[in-house]
>>> print(open('run13.cif').read())   # mmCIF, C-alpha atoms and all ligand atoms
data_run
#
loop_
_atom_site.label_atom_id
_atom_site.label_comp_id
_atom_site.auth_asym_id
_atom_site.auth_seq_id
_atom_site.Cartn_x
_atom_site.Cartn_y
_atom_site.Cartn_z
CA MET A 1 12.47 220.19 289.47
CA TYR A 2 9.77 221.86 287.39
CA LYS A 3 6.10 221.34 286.65
CA ALA A 4 4.91 219.91 283.36
CA LYS A 5 1.37 219.52 282.08
CA ALA A 6 0.17 215.98 281.57
CA TYR A 7 -2.79 213.62 281.39
CA SER A 8 -2.93 210.91 284.02
CA ALA A 9 -5.20 208.14 285.29
CA ALA A 10 -5.88 208.14 289.04
CA SER A 11 -6.97 204.48 289.20
CA ALA A 12 -7.67 201.48 286.99
CA SER A 13 -11.25 202.62 286.52
CA SER A 14 -10.65 206.38 286.12
CA ALA A 15 -10.65 208.28 282.87
CA LEU A 16 -7.43 210.06 281.99
CA ALA A 17 -7.57 213.72 283.03
CA SER A 18 -5.47 216.86 283.05
CA THR A 19 -2.85 217.12 285.79
CA SER A 20 0.57 218.55 286.54
CA ILE A 21 3.64 216.41 287.21
CA ASN A 22 7.22 216.96 288.34
CA ARG A 23 10.04 216.65 285.87
CA ARG A 24 13.66 216.70 287.01
CA ASP A 25 16.10 219.54 286.40
CA LEU A 26 18.67 218.57 283.82
CA THR A 27 21.78 216.69 284.89
CA GLU A 28 24.85 217.00 282.67
CA HIS A 29 23.78 214.04 280.48
CA ASP A 30 20.13 214.99 280.10
CA VAL A 31 18.11 216.32 277.19
CA GLN A 32 14.88 218.27 277.74
CA ILE A 33 12.31 217.82 275.00
CA GLU A 34 9.14 219.73 274.22
CA ILE A 35 6.78 216.91 273.22
CA LEU A 36 4.99 217.61 269.93
CA PHE A 37 3.31 214.24 269.28
CA CYS A 38 2.78 211.08 271.29
CA GLY A 39 1.27 207.89 269.85
CA ILE A 40 -1.31 205.84 271.76
CA CYS A 41 -0.14 202.23 272.13
CA HIS A 42 -2.50 199.49 273.28
CA SER A 43 0.07 198.91 276.05
CA ASP A 44 -0.91 202.34 277.42
CA LEU A 45 -4.46 201.06 277.78
CA HIS A 46 -3.36 197.71 279.33
CA GLN A 47 -1.22 199.63 281.83
CA VAL A 48 -3.70 202.39 282.68
CA ARG A 49 -6.38 199.77 283.41
CA ASN A 50 -3.92 197.57 285.36
CA GLU A 51 -4.55 194.65 283.02
CA TRP A 52 -0.97 193.42 283.53
CA SER A 53 -1.30 193.44 287.33
CA GLY A 54 0.40 190.03 287.68
CA PHE A 55 3.49 191.08 285.76
CA MET A 56 3.77 194.86 285.92
CA PRO A 57 1.26 196.33 288.42
CA THR A 58 0.31 199.92 287.72
CA VAL A 59 1.28 202.64 290.19
CA TYR A 60 -1.16 205.57 290.19
CA PRO A 61 -1.31 208.28 289.11
CA CYS A 62 -0.17 206.83 285.79
CA VAL A 63 0.97 209.03 282.89
CA PRO A 64 1.33 206.72 279.88
CA GLY A 65 2.96 207.35 276.50
CA HIS A 66 6.13 205.89 274.96
CA GLU A 67 5.93 207.02 271.35
CA ILE A 68 7.39 210.47 271.73
CA VAL A 69 8.53 212.97 269.12
CA GLY A 70 9.48 216.54 269.92
CA ARG A 71 11.98 219.32 269.82
CA VAL A 72 15.00 219.72 272.10
CA THR A 73 14.64 222.73 274.39
CA LYS A 74 17.72 222.34 276.63
CA VAL A 75 20.72 220.06 276.99
CA GLY A 76 23.06 219.24 279.89
CA SER A 77 26.69 220.38 279.82
CA ALA A 78 28.05 216.96 278.71
CA VAL A 79 25.58 216.42 275.87
CA THR A 80 27.17 216.58 272.42
CA ARG A 81 24.69 214.71 270.18
CA PHE A 82 21.83 217.20 270.52
CA LYS A 83 21.35 220.94 270.72
CA PRO A 84 18.28 223.09 271.35
CA GLY A 85 16.03 223.17 268.28
CA ASP A 86 16.87 219.61 267.11
CA LEU A 87 14.10 217.10 266.49
CA ALA A 88 14.28 214.18 268.88
CA ALA A 89 12.43 210.98 269.70
CA VAL A 90 12.03 208.77 272.76
CA GLY A 91 10.56 205.28 272.90
CA CYS A 92 9.90 202.79 275.69
CA LEU A 93 13.32 202.98 277.35
CA VAL A 94 14.76 205.94 279.26
CA ASP A 95 17.67 204.29 281.09
CA SER A 96 19.70 201.10 281.52
CA ASP A 97 22.90 200.24 283.41
CA GLY A 98 25.11 200.39 280.30
CA ILE A 99 27.51 197.76 281.66
CA CYS A 100 25.69 194.41 281.61
CA PRO A 101 26.26 191.98 278.71
CA GLU A 102 22.87 192.94 277.20
CA CYS A 103 23.72 196.66 277.15
CA GLN A 104 27.21 195.87 275.85
CA ALA A 105 25.56 193.95 273.01
CA GLY A 106 23.29 196.91 272.22
CA LEU A 107 20.24 195.03 273.53
CA GLU A 108 19.21 197.48 276.24
CA GLN A 109 15.65 196.12 276.12
CA PHE A 110 16.96 193.06 278.02
CA CYS A 111 19.02 194.96 280.63
CA PRO A 112 18.10 193.72 284.13
CA ASN A 113 18.36 197.31 285.35
CA LEU A 114 16.45 199.11 282.62
CA THR A 115 14.01 201.94 283.24
CA LEU A 116 10.86 202.09 281.14
CA THR A 117 9.43 205.43 280.09
CA TYR A 118 6.45 205.15 282.42
CA ASN A 119 5.32 203.17 285.46
CA PHE A 120 8.89 202.25 286.41
CA PRO A 121 10.87 203.32 289.52
CA ASP A 122 12.22 206.84 288.89
CA LYS A 123 15.83 206.96 290.10
CA HIS A 124 15.91 210.75 290.08
CA LEU A 125 12.65 211.87 291.68
CA GLY A 126 11.40 208.74 293.45
CA GLY A 127 7.96 207.36 292.66
CA VAL A 128 7.55 206.16 289.09
CA THR A 129 8.47 207.51 285.70
CA TYR A 130 5.85 209.48 283.77
CA GLY A 131 5.39 209.05 280.03
CA GLY A 132 4.71 211.14 276.99
CA TYR A 133 1.10 212.31 277.48
CA SER A 134 2.77 215.52 278.62
CA ASP A 135 4.17 218.75 277.24
CA SER A 136 7.78 218.01 278.14
CA VAL A 137 10.16 215.28 279.27
CA VAL A 138 13.76 215.02 280.48
CA VAL A 139 15.69 211.99 279.22
CA ARG A 140 19.28 210.80 279.42
CA ASP A 141 20.98 211.56 276.08
CA ARG A 142 21.85 207.94 275.26
CA PHE A 143 18.09 207.18 275.08
CA VAL A 144 17.22 210.03 272.74
CA LEU A 145 16.98 209.15 269.06
CA ARG A 146 17.36 211.13 265.87
CA VAL A 147 14.37 211.73 263.60
CA PRO A 148 14.96 211.62 259.81
CA ALA A 149 14.22 215.11 258.45
CA ASN A 150 11.95 213.93 255.61
CA LEU A 151 9.34 212.17 257.76
CA ASN A 152 5.99 213.54 258.90
CA LEU A 153 6.29 214.03 262.67
CA ALA A 154 2.90 212.70 263.76
CA GLY A 155 3.45 209.59 261.64
CA THR A 156 6.94 209.17 263.10
CA ALA A 157 5.91 209.04 266.78
CA PRO A 158 4.40 205.50 266.57
CA LEU A 159 7.65 204.19 265.08
CA LEU A 160 9.14 204.47 268.57
CA CYS A 161 7.10 201.50 269.80
CA ALA A 162 4.85 200.04 267.11
CA GLY A 163 7.69 200.47 264.59
CA ILE A 164 10.59 198.96 266.50
CA THR A 165 8.49 196.18 268.05
CA THR A 166 7.62 194.85 264.59
CA TYR A 167 10.92 195.69 262.84
CA SER A 168 13.15 193.98 265.44
CA PRO A 169 11.72 190.42 265.28
CA MET A 170 11.56 190.59 261.48
CA ARG A 171 15.27 191.42 261.38
CA HIS A 172 16.04 188.78 264.00
CA TRP A 173 14.24 186.04 262.05
CA GLY A 174 15.68 187.17 258.72
CA VAL A 175 12.46 188.24 256.97
CA GLY A 176 13.22 189.02 253.34
CA LYS A 177 12.71 188.18 249.68
CA GLY A 178 11.30 184.76 248.86
CA GLN A 179 9.61 184.38 252.24
CA LYS A 180 5.94 184.12 253.09
CA VAL A 181 5.17 186.25 256.14
CA GLY A 182 1.91 186.55 258.07
CA VAL A 183 0.82 189.47 260.19
CA VAL A 184 -2.02 188.80 262.64
CA GLY A 185 -4.14 191.77 263.77
CA LEU A 186 -4.22 194.97 261.72
CA GLY A 187 -3.89 197.55 264.48
CA GLY A 188 -1.04 199.89 265.42
CA LEU A 189 1.65 197.21 265.52
CA GLY A 190 0.18 195.06 262.78
CA HIS A 191 0.01 197.81 260.18
CA MET A 192 3.68 198.65 260.80
CA GLY A 193 4.50 194.94 260.51
CA VAL A 194 2.86 194.90 257.08
CA LYS A 195 4.82 197.94 255.92
CA PHE A 196 8.15 196.49 257.11
CA ALA A 197 7.57 192.97 255.76
CA HIS A 198 6.62 194.48 252.40
CA ALA A 199 9.65 196.81 252.37
CA LEU A 200 11.91 193.85 253.22
CA GLY A 201 10.63 192.06 250.12
CA ALA A 202 8.49 189.29 251.66
CA HIS A 203 5.14 187.99 250.38
CA VAL A 204 2.80 189.39 253.04
CA VAL A 205 -0.48 187.91 254.23
CA VAL A 206 -2.63 189.82 256.72
CA PHE A 207 -4.94 187.96 259.11
CA THR A 208 -7.74 190.14 260.34
CA THR A 209 -11.02 189.73 262.20
CA SER A 210 -12.30 192.90 260.50
CA PRO A 211 -13.48 192.36 256.90
CA GLY A 212 -13.70 196.15 256.50
CA LYS A 213 -9.90 196.45 256.74
CA LYS A 214 -9.22 194.35 253.62
CA ASP A 215 -8.66 197.23 251.17
CA ASP A 216 -6.46 199.06 253.66
CA ALA A 217 -4.36 195.95 254.22
CA LEU A 218 -3.68 195.70 250.48
CA ARG A 219 -2.88 199.43 250.29
CA LEU A 220 -0.47 199.10 253.25
CA GLY A 221 1.52 196.42 251.39
CA ALA A 222 -0.24 193.07 251.92
CA ASP A 223 -0.29 190.66 248.98
CA GLU A 224 -3.21 188.68 250.42
CA VAL A 225 -5.76 189.16 253.18
CA VAL A 226 -7.36 186.35 255.19
CA ILE A 227 -10.46 186.86 257.32
CA SER A 228 -9.29 184.79 260.26
CA ARG A 229 -12.78 183.80 261.38
CA ASN A 230 -13.26 181.95 258.07
CA ALA A 231 -11.91 178.40 258.59
CA ASP A 232 -11.78 177.61 254.86
CA GLU A 233 -9.66 180.68 254.13
CA MET A 234 -7.32 179.73 256.99
CA ALA A 235 -7.02 176.09 255.85
CA ARG A 236 -5.84 177.18 252.42
CA HIS A 237 -2.61 178.46 254.00
CA ALA A 238 -1.80 175.41 256.17
CA GLY A 239 1.90 174.64 256.53
CA SER A 240 3.07 177.46 254.28
CA PHE A 241 4.51 180.35 256.33
CA ASP A 242 8.17 181.02 257.10
CA PHE A 243 7.31 183.58 259.76
CA ILE A 244 4.18 184.92 261.43
CA LEU A 245 4.04 188.01 263.62
CA ASP A 246 1.12 187.95 266.07
CA ALA A 247 0.16 191.46 267.16
CA VAL A 248 -3.23 190.78 268.73
CA ALA A 249 -4.05 192.60 271.96
CA ALA A 250 -6.74 190.16 273.17
CA ASN A 251 -7.04 186.45 273.89
CA HIS A 252 -7.24 184.30 270.76
CA ASP A 253 -6.30 180.84 269.49
CA ILE A 254 -2.64 180.90 268.46
CA ASN A 255 -2.74 177.17 267.55
CA ALA A 256 -4.69 178.18 264.46
CA TYR A 257 -1.63 180.20 263.35
CA ILE A 258 1.05 177.74 264.48
CA SER A 259 -0.51 175.17 262.14
CA LEU A 260 0.03 177.57 259.23
CA LEU A 261 3.83 177.53 259.71
CA ARG A 262 5.95 175.37 257.43
CA ARG A 263 8.78 173.18 258.76
CA ASP A 264 11.07 175.24 261.00
CA GLY A 265 8.76 178.21 260.70
CA ASN A 266 8.50 180.67 263.58
CA LEU A 267 5.61 182.51 265.15
CA THR A 268 6.66 185.53 267.19
CA LEU A 269 4.23 186.99 269.68
CA VAL A 270 4.45 190.73 270.16
CA GLY A 271 0.84 191.17 271.28
CA ALA A 272 0.53 190.92 275.05
CA PRO A 273 -2.96 189.76 276.09
CA ASP A 274 -3.50 189.73 279.84
CA LYS A 275 -4.57 186.06 280.07
CA PRO A 276 -2.30 183.03 279.37
CA LEU A 277 -2.51 181.59 275.86
CA SER A 278 -2.82 177.83 275.49
CA VAL A 279 -0.52 176.02 273.06
CA THR A 280 -1.01 172.51 271.70
CA ALA A 281 2.30 170.60 271.90
CA PHE A 282 1.83 168.73 268.62
CA GLY A 283 1.39 171.94 266.68
CA LEU A 284 5.00 172.76 267.54
CA ILE A 285 6.42 169.23 267.49
CA MET A 286 5.15 168.32 264.05
CA GLY A 287 7.22 170.48 261.74
CA ARG A 288 9.79 171.52 264.40
CA ARG A 289 8.04 174.87 264.55
CA SER A 290 8.95 177.48 267.13
CA LEU A 291 7.03 180.01 269.15
CA SER A 292 8.79 183.07 270.55
CA GLY A 293 8.18 186.52 271.90
CA SER A 294 9.93 189.82 271.35
CA PRO A 295 9.99 193.10 273.29
CA ILE A 296 10.58 196.47 271.54
CA GLY A 297 14.26 196.80 270.47
CA GLY A 298 17.62 198.23 271.55
CA LEU A 299 18.78 201.77 270.91
CA ALA A 300 21.02 201.03 267.93
CA GLU A 301 18.33 198.97 266.24
CA THR A 302 15.69 201.63 266.97
CA GLN A 303 17.90 204.21 265.25
CA GLU A 304 18.49 201.76 262.39
CA MET A 305 14.69 201.35 262.06
CA LEU A 306 14.15 205.14 262.04
CA ASP A 307 16.82 205.54 259.37
CA PHE A 308 15.28 202.66 257.35
CA CYS A 309 11.94 204.51 257.56
CA GLY A 310 13.66 207.70 256.41
CA GLN A 311 15.16 205.89 253.40
CA HIS A 312 11.93 204.09 252.46
CA ASN A 313 9.63 206.95 253.41
CA ILE A 314 7.75 204.80 255.91
CA THR A 315 5.58 206.33 258.63
CA SER A 316 2.59 205.14 260.60
CA ASP A 317 -0.92 205.87 259.30
CA VAL A 318 -2.18 208.09 262.09
CA GLU A 319 -5.42 209.61 263.25
CA VAL A 320 -4.23 212.76 264.98
CA ILE A 321 -6.36 213.69 267.99
CA PRO A 322 -6.32 216.39 270.67
CA ILE A 323 -5.49 215.01 274.10
CA GLN A 324 -9.05 215.72 275.25
CA LYS A 325 -10.16 212.79 273.03
CA VAL A 326 -7.83 210.24 274.61
CA ASN A 327 -10.53 208.41 276.60
CA GLU A 328 -12.69 208.09 273.49
CA ALA A 329 -9.66 206.78 271.59
CA TYR A 330 -9.15 204.05 274.24
CA GLU A 331 -12.74 202.88 273.79
CA ARG A 332 -12.24 202.75 270.03
CA LEU A 333 -9.02 200.71 270.47
CA LEU A 334 -11.05 198.11 272.34
CA LYS A 335 -13.34 197.81 269.31
CA SER A 336 -10.36 197.41 266.89
CA ASP A 337 -11.50 200.74 265.47
CA VAL A 338 -8.19 202.47 264.80
CA LYS A 339 -6.75 203.42 261.42
CA TYR A 340 -4.10 202.62 262.34
CA ARG A 341 -2.61 204.53 265.26
CA PHE A 342 -4.02 207.35 267.34
CA CYS A 343 -1.47 210.10 267.80
CA ILE A 344 -1.93 212.97 270.23
CA ASP A 345 -1.12 216.47 269.00
CA MET A 346 0.40 217.82 272.19
CA ALA A 347 -0.35 221.43 271.24
CA SER A 348 -3.85 220.58 272.53
CA LEU A 349 -2.45 220.39 276.05
CA LYS A 350 -1.53 224.08 276.01
CA GLY A 351 -5.02 225.28 276.88
CA GLU A 352 -5.47 222.84 279.77
CA PHE A 353 -5.49 223.93 283.37
CA MET A 354 -2.64 222.70 285.55
CA TRP A 355 -4.43 220.63 288.19
CA THR A 356 -2.46 219.97 291.32
CA THR A 357 -3.65 218.37 294.55
CA GLY A 358 -6.65 220.44 295.52
CA LEU A 359 -5.53 223.40 293.42
CA CYS A 360 -5.82 224.59 289.89
CA GLY A 361 -4.15 227.50 288.20
CA ALA A 362 -4.67 229.17 284.87
CA ALA A 363 -2.63 227.81 282.00
CA ASN A 364 0.21 230.01 280.84
P1 LIG A 401 -4.26 197.71 268.57
O1 LIG A 401 -3.91 198.88 267.74
O2 LIG A 401 -5.44 197.75 269.45
O3 LIG A 401 -4.37 196.45 267.56
C1 LIG A 401 -4.70 195.17 267.97
C2 LIG A 401 -5.41 194.43 266.84
O4 LIG A 401 -5.65 193.10 267.27
C3 LIG A 401 -6.78 194.97 266.51
O5 LIG A 401 -6.78 196.08 265.65
C4 LIG A 401 -7.44 193.77 265.86
O6 LIG A 401 -7.04 193.66 264.50
C5 LIG A 401 -6.81 192.60 266.61
N1 LIG A 401 -7.75 192.09 267.63
C6 LIG A 401 -8.29 192.77 268.66
N2 LIG A 401 -9.08 191.98 269.40
C7 LIG A 401 -8.99 190.76 268.84
C8 LIG A 401 -9.57 189.49 269.16
N3 LIG A 401 -10.38 189.33 270.21
N4 LIG A 401 -9.26 188.42 268.37
C9 LIG A 401 -8.45 188.58 267.31
N5 LIG A 401 -7.90 189.76 266.95
C10 LIG A 401 -8.16 190.83 267.71
O7 LIG A 401 -3.04 197.32 269.52
P2 LIG A 401 -1.47 197.60 269.33
O8 LIG A 401 -1.12 198.91 269.92
O9 LIG A 401 -1.09 197.28 267.96
O10 LIG A 401 -0.87 196.51 270.34
C11 LIG A 401 -1.10 195.14 270.11
C12 LIG A 401 -0.58 194.33 271.29
O11 LIG A 401 0.86 194.41 271.31
C13 LIG A 401 -1.04 194.84 272.66
O12 LIG A 401 -1.29 193.73 273.50
C14 LIG A 401 0.18 195.62 273.16
O13 LIG A 401 0.25 195.71 274.56
C15 LIG A 401 1.29 194.76 272.62
N6 LIG A 401 2.59 195.45 272.51
C16 LIG A 401 3.69 194.69 272.73
C17 LIG A 401 4.95 195.26 272.58
C18 LIG A 401 6.16 194.42 272.75
O14 LIG A 401 7.24 194.96 273.02
N7 LIG A 401 6.07 193.13 272.56
C19 LIG A 401 5.07 196.60 272.22
C20 LIG A 401 3.91 197.33 272.00
C21 LIG A 401 2.67 196.74 272.12
P3 LIG A 401 -8.08 193.16 263.36
O15 LIG A 401 -9.21 194.14 263.39
O16 LIG A 401 -7.26 193.21 262.13
O17 LIG A 401 -8.47 191.76 263.73
ZN ZN A 402 3.92 200.50 272.97
#
>>> encode(input="run13.cif", output="structure tokens", more="lines below")
Ligand code: NAP
Ligand code: ZN
Amino acid sequence: MYKAKAYSAASASSALASTSINRRDLTEHDVQIEILFCGICHSDLHQVRNEWSGFMPTVYPCVPGHEIVGRVTKVGSAVTRFKPGDLAAVGCLVDSDGICPECQAGLEQFCPNLTLTYNFPDKHLGGVTYGGYSDSVVVRDRFVLRVPANLNLAGTAPLLCAGITTYSPMRHWGVGKGQKVGVVGLGGLGHMGVKFAHALGAHVVVFTTSPGKKDDALRLGADEVVISRNADEMARHAGSFDFILDAVAANHDINAYISLLRRDGNLTLVGAPDKPLSVTAFGLIMGRRSLSGSPIGGLAETQEMLDFCGQHNITSDVEVIPIQKVNEAYERLLKSDVKYRFCIDMASLKGEFMWTTGLCGAAN
């Protein structure tokens, strides 16, 4: 076991602050990574503030972060895919049983025995797993992904959650040329959804509550932009979409979007508001429309998405911040004021003190 620097929240109402955490010594299948960048997902905020208490209660202290890019510093004796010095990435998953039908199908995100990167029982050290707002992490090799060499590293980190979460349902529902695709909410996930739908050849329409994001939406790859609070603009698109990806972090009326689907169209929810959404039955019945959800993606598909990004030169538009600005970034997320993902430059953690219970020591 060794100490790593990190930022954690002590309770649902505490700001994130500097701390030190335990990381395990490497087992034969482990990879140790020096974290260079970690994206800030709205899920980090939901979790830190215990907004998903009914489904996934937060255990404190909580160290969030599941959009990790870094450099390998050490590998266990059985690791063959990585060596010290390699670039490496870690997303929302750090373990699964490897034997269930879901794992066998390469869909580790559905494994009944998966381990998420943070706030999940830690099989090695007890307590819960700690995420990427830290200077280092130890992860089983199967869950470490390769980073295409041509991509900017800060812009790559958000691909590990915002990227795969939007890529996976688009592949599942066959988004491609000749289709009309909507993306609701131009935040971290939404802006990646726009880039992927555009790269896959679809006609892309962005729905936003922020008129100021219109030019950006077009630059990111949208063909049209709808201000969703304008009923006339919405009505013009009634019954016309093959697929809509809803990436809104707060409560909103999804019936307004279901009615925009054509026959057999699908709306996939990736946004995870804390309160139940209400759905009008006739919106689905008329037109045989479907409503689904989708969580992140499996390892093979995450690597496929990273390679797709390498080939198409796709990264996230990031605002790189030092970790000391993380609390401010959370407040801005709540105001939809992110262009379009905050990404922490982990070098900023170097100067922090290592706080331990009742003690602090100089950084080294
Ligand atoms: P984000 O960067 O904060 O973006 C959310 C966007 O939603 C905002 O930028 C805003 O876009 C829109 N929005 C916010 N409040 C709204 C409201 N009251 N009504 C309508 N639109 C509103 O968040 P994110 O990181 O992309 O995450 C989005 C959601 O996906 C979160 O709930 C997160 O937990 C969830 N998530 C799910 C998965 C999964 O596996 N399914 C993975 C990661 C994240 P406009 O300004 O354009 O309106
Ligand atoms: Zn996430």
>>> residues_around(input="run13.cif", residues="Leu261 in chain A", least_positions_apart="5", cutoff="10 Å", atoms="all atoms listed in the file", output="PyMOL selection string")
chain A and resi 180-182+237-244+256+266-267+283-284+287-290
>>> residues_around(input="run13.cif", residues="Gly297 in chain A", least_positions_apart="5", cutoff="7 Å", atoms="all atoms listed in the file", output="list in words")
Leu107, Gln109, Ile164, Thr165, Ser168 and Thr302 of chain A
>>> atom_distance(input="run13.cif", atom1="CA of Gly174 in chain A", atom2="CA of Thr117 in chain A")
28.8 Å
>>> residues_near_ligand(input="run13.cif", ligand="ligand LIG 401 (chain A)", cutoff="8 Å", atoms="only C-alpha atoms and all ligand atoms", output="PyMOL selection string")
chain A and resi 40-46+161-162+165+184-191+206-211+213+228+247-252+269-274+293-297+333-338+340-341
>>> atom_distance(input="run13.cif", atom1="CA of Ile258 in chain A", atom2="CA of Gly201 in chain A")
22.4 Å
>>> closest_residue(input="run13.cif", among="A:Pro121, A:Gly76, A:Gly163, A:Pro169", to="ligand ZN 402 (chain A)", atoms="all atoms listed in the file")
A:Gly163
>>> closest_residue(input="run13.cif", among="A:Val147, A:Leu245, A:Ile227, A:Val175", to="Asp307 in chain A", atoms="only C-alpha atoms")
A:Val147
>>> atom_distance(input="run13.cif", atom1="CA of Ser134 in chain A", atom2="CA of Lys195 in chain A")
28.8 Å
>>> closest_residue(input="run13.cif", among="A:Gly132, A:Gly98, A:Pro276, A:Pro61", to="Ile344 in chain A", atoms="only C-alpha atoms")
A:Gly132
>>> residues_around(input="run13.cif", residues="Met286 in chain A", least_positions_apart="3", cutoff="10 Å", atoms="only C-alpha atoms", output="ChimeraX atom specification")
/A:259,262-264,281-283,289
>>> closest_residue(input="run13.cif", among="A:Gln179, A:Thr166, A:Asn230, A:Gln311", to="ligand ZN 402 (chain A)", atoms="all atoms listed in the file")
A:Thr166
>>> closest_residue(input="run13.cif", among="A:Leu26, A:Ala197, A:Ala300, A:Val138", to="Ala222 in chain A", atoms="only C-alpha atoms")
A:Ala197
>>> residues_near_point(input="run13.cif", point="(15.6, 201.3, 278.3)", cutoff="6 Å", atoms="only C-alpha atoms", output="ChimeraX atom specification")
/A:93-96,108-109,114-116
>>> write_last_selection(input="run13.cif", atoms="C-alpha atoms", output="short mmCIF file (atom, residue, chain, number, x, y, z; two decimals), in the coordinates of the input")
data_model
loop_
_atom_site.label_atom_id
_atom_site.label_comp_id
_atom_site.auth_asym_id
_atom_site.auth_seq_id
_atom_site.Cartn_x
_atom_site.Cartn_y
_atom_site.Cartn_z
CA LEU A 93 13.32 202.98 277.35
CA VAL A 94 14.76 205.94 279.26
CA ASP A 95 17.67 204.29 281.09
CA SER A 96 19.70 201.10 281.52
CA GLU A 108 19.21 197.48 276.24
CA GLN A 109 15.65 196.12 276.12
CA LEU A 114 16.45 199.11 282.62
CA THR A 115 14.01 201.94 283.24
CA LEU A 116 10.86 202.09 281.14
#
>>> residues_near_point(input="run13.cif", point="(11.1, 207.2, 256.0)", cutoff="12 Å", atoms="only C-alpha atoms", output="JSON list (two decimals) with C-alpha atoms, in the coordinates of the input")
[["chain", "number", "residue", "atom", "x", "y", "z"],
["A", 147, "VAL", "CA", 14.37, 211.73, 263.60],
["A", 148, "PRO", "CA", 14.96, 211.62, 259.81],
["A", 149, "ALA", "CA", 14.22, 215.11, 258.45],
["A", 150, "ASN", "CA", 11.95, 213.93, 255.61],
["A", 151, "LEU", "CA", 9.34, 212.17, 257.76],
["A", 152, "ASN", "CA", 5.99, 213.54, 258.90],
["A", 153, "LEU", "CA", 6.29, 214.03, 262.67],
["A", 155, "GLY", "CA", 3.45, 209.59, 261.64],
["A", 156, "THR", "CA", 6.94, 209.17, 263.10],
["A", 159, "LEU", "CA", 7.65, 204.19, 265.08],
["A", 163, "GLY", "CA", 7.69, 200.47, 264.59],
["A", 195, "LYS", "CA", 4.82, 197.94, 255.92],
["A", 196, "PHE", "CA", 8.15, 196.49, 257.11],
["A", 199, "ALA", "CA", 9.65, 196.81, 252.37],
["A", 303, "GLN", "CA", 17.90, 204.21, 265.25],
["A", 304, "GLU", "CA", 18.49, 201.76, 262.39],
["A", 305, "MET", "CA", 14.69, 201.35, 262.06],
["A", 306, "LEU", "CA", 14.15, 205.14, 262.04],
["A", 307, "ASP", "CA", 16.82, 205.54, 259.37],
["A", 308, "PHE", "CA", 15.28, 202.66, 257.35],
["A", 309, "CYS", "CA", 11.94, 204.51, 257.56],
["A", 310, "GLY", "CA", 13.66, 207.70, 256.41],
["A", 311, "GLN", "CA", 15.16, 205.89, 253.40],
["A", 312, "HIS", "CA", 11.93, 204.09, 252.46],
["A", 313, "ASN", "CA", 9.63, 206.95, 253.41],
["A", 314, "ILE", "CA", 7.75, 204.80, 255.91],
["A", 315, "THR", "CA", 5.58, 206.33, 258.63],
["A", 316, "SER", "CA", 2.59, 205.14, 260.60]]
>>> closest_residue(input="run13.cif", among="A:Ile68, A:Ala6, A:Val225, A:Ala329", to="ligand ZN 402 (chain A)", atoms="only C-alpha atoms and all ligand atoms")
A:Ile68
>>> residues_around(input="run13.cif", residues="Thr58 in chain A", least_positions_apart="3", cutoff="8 Å", atoms="all atoms listed in the file", output="PyMOL selection string")
chain A and resi 47-50+52-53+62+119
>>> axis_aligned_box(input="run13.cif", around="range 216-220 of chain A", padding_each_side="6 Å", output="AutoDock Vina command-line options")
--center_x -3.5 --center_y 197.6 --center_z 252.3 --size_x 18.0 --size_y 15.7 --size_z 15.9
>>> decode(input="run13.cif", residues="range 133-142 of chain A", atoms="N, CA and C atoms", output="mmCIF file, in the first residue's frame")
data_model
loop_
_atom_site.group_PDB
_atom_site.id
_atom_site.type_symbol
_atom_site.label_atom_id
_atom_site.label_comp_id
_atom_site.auth_asym_id
_atom_site.auth_seq_id
_atom_site.Cartn_x
_atom_site.Cartn_y
_atom_site.Cartn_z
ATOM 1 N N TYR A 133 -9.348 11.977 -9.385
ATOM 2 C CA TYR A 133 -8.883 13.293 -8.911
ATOM 3 C C TYR A 133 -7.694 13.010 -7.979
ATOM 4 N N SER A 134 -6.638 12.498 -8.539
ATOM 5 C CA SER A 134 -5.527 11.946 -7.770
ATOM 6 C C SER A 134 -4.286 11.928 -8.653
ATOM 7 N N ASP A 135 -3.129 11.763 -8.032
ATOM 8 C CA ASP A 135 -1.914 11.757 -8.862
ATOM 9 C C ASP A 135 -1.558 10.376 -9.387
ATOM 10 N N SER A 136 -2.159 9.321 -8.811
ATOM 11 C CA SER A 136 -1.861 7.997 -9.358
ATOM 12 C C SER A 136 -2.993 7.025 -9.053
ATOM 13 N N VAL A 137 -3.013 5.931 -9.832
ATOM 14 C CA VAL A 137 -4.049 4.917 -9.640
ATOM 15 C C VAL A 137 -3.475 3.561 -10.036
ATOM 16 N N VAL A 138 -4.003 2.504 -9.406
ATOM 17 C CA VAL A 138 -3.580 1.141 -9.749
ATOM 18 C C VAL A 138 -4.816 0.409 -10.260
ATOM 19 N N VAL A 139 -4.707 -0.129 -11.480
ATOM 20 C CA VAL A 139 -5.879 -0.724 -12.147
ATOM 21 C C VAL A 139 -5.480 -2.047 -12.801
ATOM 22 N N ARG A 140 -6.386 -3.011 -12.718
ATOM 23 C CA ARG A 140 -6.177 -4.297 -13.379
ATOM 24 C C ARG A 140 -5.985 -4.086 -14.888
ATOM 25 N N ASP A 141 -5.037 -4.786 -15.470
ATOM 26 C CA ASP A 141 -4.627 -4.490 -16.860
ATOM 27 C C ASP A 141 -5.764 -4.557 -17.873
ATOM 28 N N ARG A 142 -6.702 -5.495 -17.683
ATOM 29 C CA ARG A 142 -7.809 -5.651 -18.626
ATOM 30 C C ARG A 142 -8.644 -4.370 -18.743
#
